[in-house]
>>> print(open('query_37.cif').read())   # mmCIF, C-alpha atoms
data_protein
#
loop_
_atom_site.label_atom_id
_atom_site.label_comp_id
_atom_site.auth_asym_id
_atom_site.auth_seq_id
_atom_site.Cartn_x
_atom_site.Cartn_y
_atom_site.Cartn_z
CA MET A 1 7.32 -10.61 -16.35
CA ASP A 2 8.38 -14.16 -15.59
CA LEU A 3 5.86 -16.68 -14.34
CA GLU A 4 7.53 -17.27 -10.99
CA ASN A 5 7.42 -13.57 -10.11
CA GLN A 6 3.78 -13.35 -11.16
CA GLN A 7 2.99 -16.08 -8.64
CA ARG A 8 5.02 -14.32 -5.93
CA VAL A 9 3.20 -11.03 -6.46
CA LYS A 10 -0.17 -12.81 -6.50
CA ASP A 11 0.64 -14.60 -3.21
CA LEU A 12 1.90 -11.38 -1.58
CA ALA A 13 -1.23 -9.49 -2.59
CA GLU A 14 -3.36 -12.20 -0.96
CA LYS A 15 -1.20 -12.25 2.16
CA HIS A 16 -0.80 -8.52 2.77
CA GLY A 17 -3.90 -7.14 1.04
CA LYS A 18 -4.05 -5.49 -2.38
CA ASP A 19 -4.45 -2.06 -0.81
CA ASN A 20 -1.32 -2.52 1.29
CA LEU A 21 1.12 -3.81 -1.33
CA VAL A 22 3.13 -1.56 -3.65
CA VAL A 23 5.20 -2.89 -6.57
CA ILE A 24 8.37 -0.97 -7.45
CA LEU A 25 10.05 -1.62 -10.79
CA GLY A 26 13.65 -1.08 -11.85
CA GLY A 27 13.39 -1.96 -15.54
CA ALA A 28 15.78 -0.41 -18.04
CA GLU A 29 13.25 -0.26 -20.88
CA ALA A 30 10.03 1.72 -20.95
CA GLU A 31 8.09 -0.94 -22.83
CA ALA A 32 9.10 -3.80 -20.52
CA SER A 33 8.41 -1.68 -17.44
CA GLY A 34 4.98 -0.78 -18.77
CA LEU A 35 4.28 -4.44 -19.43
CA ALA A 36 5.23 -5.35 -15.85
CA CYS A 37 2.97 -2.57 -14.55
CA GLU A 38 0.12 -3.81 -16.74
CA THR A 39 0.66 -7.35 -15.42
CA VAL A 40 0.32 -6.42 -11.73
CA THR A 41 -2.65 -4.13 -12.32
CA ASN A 42 -4.76 -5.55 -15.14
CA GLY A 43 -3.36 -9.09 -15.42
CA ASP A 44 -0.87 -10.85 -17.68
CA PRO A 45 -1.46 -9.52 -21.22
CA THR A 46 0.17 -12.61 -22.71
CA PHE A 47 -2.26 -14.88 -20.81
CA ALA A 48 0.65 -17.21 -20.03
CA GLY A 49 1.14 -16.83 -16.29
CA PRO A 50 -0.64 -17.02 -12.93
CA LEU A 51 -1.87 -13.42 -13.31
CA ALA A 52 -3.70 -14.10 -16.60
CA GLY A 53 -7.18 -12.69 -16.13
CA VAL A 54 -6.34 -11.59 -12.56
CA GLN A 55 -6.83 -7.86 -12.06
CA LEU A 56 -4.92 -7.11 -8.88
CA GLY A 57 -5.11 -3.34 -9.40
CA LEU A 58 -1.95 -2.83 -7.32
CA ALA A 59 -0.15 0.46 -6.89
CA CYS A 60 2.87 0.15 -9.20
CA TYR A 61 5.66 2.65 -9.79
CA HIS A 62 9.11 2.75 -11.31
CA ILE A 63 11.91 3.70 -8.92
CA LEU A 64 12.80 6.63 -11.23
CA GLU A 65 9.34 8.24 -11.12
CA PRO A 66 9.26 11.58 -9.25
CA GLU A 67 6.47 10.42 -6.87
CA ILE A 68 8.82 7.75 -5.51
CA LYS A 69 12.06 9.72 -5.71
CA GLU A 70 10.70 12.47 -3.46
CA GLU A 71 9.99 9.96 -0.66
CA ILE A 72 13.49 8.50 -0.60
CA ASP A 73 16.38 9.78 1.49
CA PRO A 74 18.32 11.94 -1.02
CA ASP A 75 21.70 10.57 0.05
CA VAL A 76 20.56 6.98 -0.41
CA TYR A 77 19.02 7.80 -3.79
CA GLU A 78 22.20 9.49 -4.91
CA GLU A 79 24.31 6.53 -3.88
CA GLN A 80 22.08 3.75 -5.22
CA VAL A 81 20.17 5.10 -8.23
CA SER A 82 21.53 8.38 -9.56
CA MET A 83 23.97 6.79 -12.01
CA MET A 84 21.23 4.78 -13.72
CA GLU A 85 19.00 7.85 -13.65
CA MET A 86 21.53 9.56 -15.93
CA VAL A 87 21.72 6.61 -18.31
CA LEU A 88 18.06 5.58 -18.64
CA ASP A 89 15.28 7.48 -20.39
CA VAL A 90 13.41 8.56 -17.26
CA ASP A 91 10.65 10.48 -19.06
CA GLU A 92 9.82 7.65 -21.40
CA ILE A 93 9.79 5.08 -18.57
CA ALA A 94 7.66 7.31 -16.33
CA ASP A 95 5.19 7.99 -19.15
CA GLU A 96 4.77 4.32 -19.94
CA VAL A 97 4.40 3.10 -16.34
CA SER A 98 2.09 5.92 -15.29
CA THR A 99 -0.15 5.29 -18.29
CA TYR A 100 -0.89 1.75 -17.12
CA ARG A 101 -1.10 2.78 -13.48
CA GLU A 102 -3.64 5.50 -14.18
CA LYS A 103 -5.67 3.15 -16.34
CA TYR A 104 -5.72 0.03 -14.18
CA SER A 105 -4.45 0.63 -10.64
CA GLU A 106 -7.14 0.78 -7.97
CA PHE A 107 -4.86 1.60 -5.07
CA ALA A 108 -2.32 4.14 -6.38
CA MET B 109 2.60 7.06 0.23
CA LEU B 110 5.29 4.43 0.89
CA GLU B 111 5.47 4.74 4.64
CA GLY B 112 4.04 1.67 6.39
CA LYS B 113 3.39 -0.16 3.11
CA LYS B 114 4.62 -3.59 2.06
CA VAL B 115 6.71 -3.42 -1.10
CA ALA B 116 7.56 -6.01 -3.76
CA ILE B 117 10.59 -5.05 -5.85
CA LEU B 118 11.15 -6.20 -9.41
CA GLY B 119 14.65 -4.94 -10.20
CA ASP B 120 16.46 -5.29 -13.51
CA ARG B 121 20.10 -6.21 -13.98
CA ASP B 122 20.30 -3.81 -16.95
CA GLY B 123 18.39 -1.07 -15.13
CA VAL B 124 18.17 -0.59 -11.38
CA PRO B 125 18.91 -3.84 -9.51
CA GLY B 126 16.74 -5.12 -6.65
CA PRO B 127 19.17 -4.45 -3.76
CA ALA B 128 19.65 -0.79 -4.81
CA ILE B 129 15.88 -0.26 -4.88
CA LYS B 130 15.56 -2.01 -1.51
CA GLU B 131 17.95 0.47 0.13
CA CYS B 132 15.91 3.35 -1.25
CA ILE B 133 12.52 1.97 -0.30
CA GLU B 134 13.57 1.21 3.25
CA SER B 135 14.79 4.78 3.64
CA ALA B 136 11.22 5.87 2.83
CA GLY B 137 9.81 3.86 5.77
CA ALA B 138 8.30 0.94 3.83
CA GLU B 139 8.80 -2.75 4.50
CA VAL B 140 10.30 -4.74 1.63
CA VAL B 141 8.63 -8.17 1.48
CA PHE B 142 10.12 -9.41 -1.81
CA THR B 143 13.12 -8.44 -3.91
CA THR B 144 14.28 -9.87 -7.19
CA THR B 145 16.57 -8.79 -9.99
CA GLU B 146 15.41 -10.19 -13.27
CA CYS B 147 16.30 -9.81 -16.86
CA PHE B 148 13.26 -8.00 -18.25
CA VAL B 149 13.89 -9.04 -21.85
#
>>> encode(input="query_37.cif", output="structure tokens")
Amino acid sequence: MDLENQQRVKDLAEKHGKDNLVVILGGAEAEASGLACETVTNGDPTFAGPLAGVQLGLACYHILEPEIKEEIDPDVYEEQVSMMEMVLDVDEIADEVSTYREKYSEFA
Amino acid sequence: MLEGKKVAILGDRDGVPGPAIKECIESAGAEVVFTTTECFV
């Protein structure tokens, strides 16, 4: 996750409250999505950015996870996301992101 | 779960881009406070 976005998420968590902010990912790869989830929950694992050592514990989901899909208007989901849902490995992405969320998120 | 929450979106140009996620999240009753589309690699 790039350093600028780490700072943005950190600032937003301070502004809106960690319990009130949800991060939604759209990553194509399971590993990169998991890494982003780890960064906004347990801190930057590479210790390079503003979230190094900062455990925000945010609720973090991928847009393709069933918990999120079921809350979205089905017509909007169909129009905006369904094509990528067919192309990407949804199970692998959901497994990876939920692993980090269950381990480190305090507000999910 | 999303209704009434503030949401930061980290889209991916090779996956689901930020604006597409934004449309979805707003339909669930959440307020989008940040949207970006990055290259995750």
>>> closest_residue(input="query_37.cif", among="B:Val124, B:Phe142, B:Lys130, B:Glu111", to="chain A", atoms="all atoms listed in the file")
B:Val124
>>> atom_distance(input="query_37.cif", atom1="atom CA of Thr39 of chain A", atom2="atom CA of Asp122 of chain B")
20.0 Å
>>> atom_distance(input="query_37.cif", atom1="atom CA of Tyr100 of chain A", atom2="atom CA of Cys37 of chain A")
6.3 Å
>>> resolve_selection(input="query_37.cif", expression="the PyMOL selection byres ((chain B) within 7 of (chain A))", output="VMD selection string")
chain B and resid 113 to 120 122 to 125 128 to 129 132 to 133 135 to 136 148
>>> closest_residue(input="query_37.cif", among="A:Asp95, A:Asp89, A:Gly34, A:Leu56", to="Gln7 of chain A", atoms="only C-alpha atoms")
A:Leu56
>>> atom_distance(input="query_37.cif", atom1="atom CA of Glu14 of chain A", atom2="atom CA of Ser105 of chain A")
16.1 Å
>>> axis_aligned_box(input="query_37.cif", around="segment 29-36 of chain A", padding_each_side="5 Å", output="lines of an AutoDock Vina configuration file")
center_x = 8.8
center_y = -1.8
center_z = -19.3
size_x = 19.0
size_y = 17.1
size_z = 17.0
>>> closest_residue(input="query_37.cif", among="A:Glu106, A:Glu4, A:Gly53, A:Glu38", to="Glu146 of chain B", atoms="only C-alpha atoms")
A:Glu4
>>> decode(input="query_37.cif", residues="segment 132-145 of chain B", atoms="N, CA and C atoms", output="PDB file, in the first residue's frame")
ATOM      1  N   CYS B 132     -21.242   1.282  -5.509  1.00  0.00           N
ATOM      2  CA  CYS B 132     -21.784   0.171  -4.714  1.00  0.00           C
ATOM      3  C   CYS B 132     -21.977   0.573  -3.254  1.00  0.00           C
ATOM      4  N   ILE B 133     -20.936   1.174  -2.696  1.00  0.00           N
ATOM      5  CA  ILE B 133     -20.956   1.501  -1.270  1.00  0.00           C
ATOM      6  C   ILE B 133     -22.035   2.530  -0.952  1.00  0.00           C
ATOM      7  N   GLU B 134     -22.208   3.488  -1.855  1.00  0.00           N
ATOM      8  CA  GLU B 134     -23.242   4.495  -1.627  1.00  0.00           C
ATOM      9  C   GLU B 134     -24.637   3.879  -1.691  1.00  0.00           C
ATOM     10  N   SER B 135     -24.789   2.837  -2.491  1.00  0.00           N
ATOM     11  CA  SER B 135     -26.099   2.178  -2.563  1.00  0.00           C
ATOM     12  C   SER B 135     -26.414   1.429  -1.269  1.00  0.00           C
ATOM     13  N   ALA B 136     -25.378   1.189  -0.460  1.00  0.00           N
ATOM     14  CA  ALA B 136     -25.569   0.484   0.820  1.00  0.00           C
ATOM     15  C   ALA B 136     -25.797   1.469   1.971  1.00  0.00           C
ATOM     16  N   GLY B 137     -25.834   2.778   1.653  1.00  0.00           N
ATOM     17  CA  GLY B 137     -26.140   3.773   2.685  1.00  0.00           C
ATOM     18  C   GLY B 137     -24.945   4.269   3.466  1.00  0.00           C
ATOM     19  N   ALA B 138     -23.731   4.066   2.950  1.00  0.00           N
ATOM     20  CA  ALA B 138     -22.532   4.559   3.633  1.00  0.00           C
ATOM     21  C   ALA B 138     -22.031   5.823   2.940  1.00  0.00           C
ATOM     22  N   GLU B 139     -21.236   6.597   3.677  1.00  0.00           N
ATOM     23  CA  GLU B 139     -20.677   7.821   3.107  1.00  0.00           C
ATOM     24  C   GLU B 139     -19.220   7.585   2.717  1.00  0.00           C
ATOM     25  N   VAL B 140     -18.922   7.787   1.445  1.00  0.00           N
ATOM     26  CA  VAL B 140     -17.551   7.594   0.968  1.00  0.00           C
ATOM     27  C   VAL B 140     -16.743   8.862   1.250  1.00  0.00           C
ATOM     28  N   VAL B 141     -15.672   8.738   2.045  1.00  0.00           N
ATOM     29  CA  VAL B 141     -14.875   9.912   2.410  1.00  0.00           C
ATOM     30  C   VAL B 141     -13.542   9.958   1.665  1.00  0.00           C
ATOM     31  N   PHE B 142     -13.180   8.868   0.987  1.00  0.00           N
ATOM     32  CA  PHE B 142     -11.934   8.843   0.228  1.00  0.00           C
ATOM     33  C   PHE B 142     -12.001   7.728  -0.811  1.00  0.00           C
ATOM     34  N   THR B 143     -11.617   8.059  -2.028  1.00  0.00           N
ATOM     35  CA  THR B 143     -11.580   7.033  -3.080  1.00  0.00           C
ATOM     36  C   THR B 143     -10.279   7.175  -3.865  1.00  0.00           C
ATOM     37  N   THR B 144      -9.619   6.067  -4.079  1.00  0.00           N
ATOM     38  CA  THR B 144      -8.455   6.084  -4.944  1.00  0.00           C
ATOM     39  C   THR B 144      -8.433   4.800  -5.768  1.00  0.00           C
ATOM     40  N   THR B 145      -7.749   4.870  -6.887  1.00  0.00           N
ATOM     41  CA  THR B 145      -7.533   3.664  -7.695  1.00  0.00           C
ATOM     42  C   THR B 145      -6.035   3.548  -7.885  1.00  0.00           C
TER      43      THR B 145
END
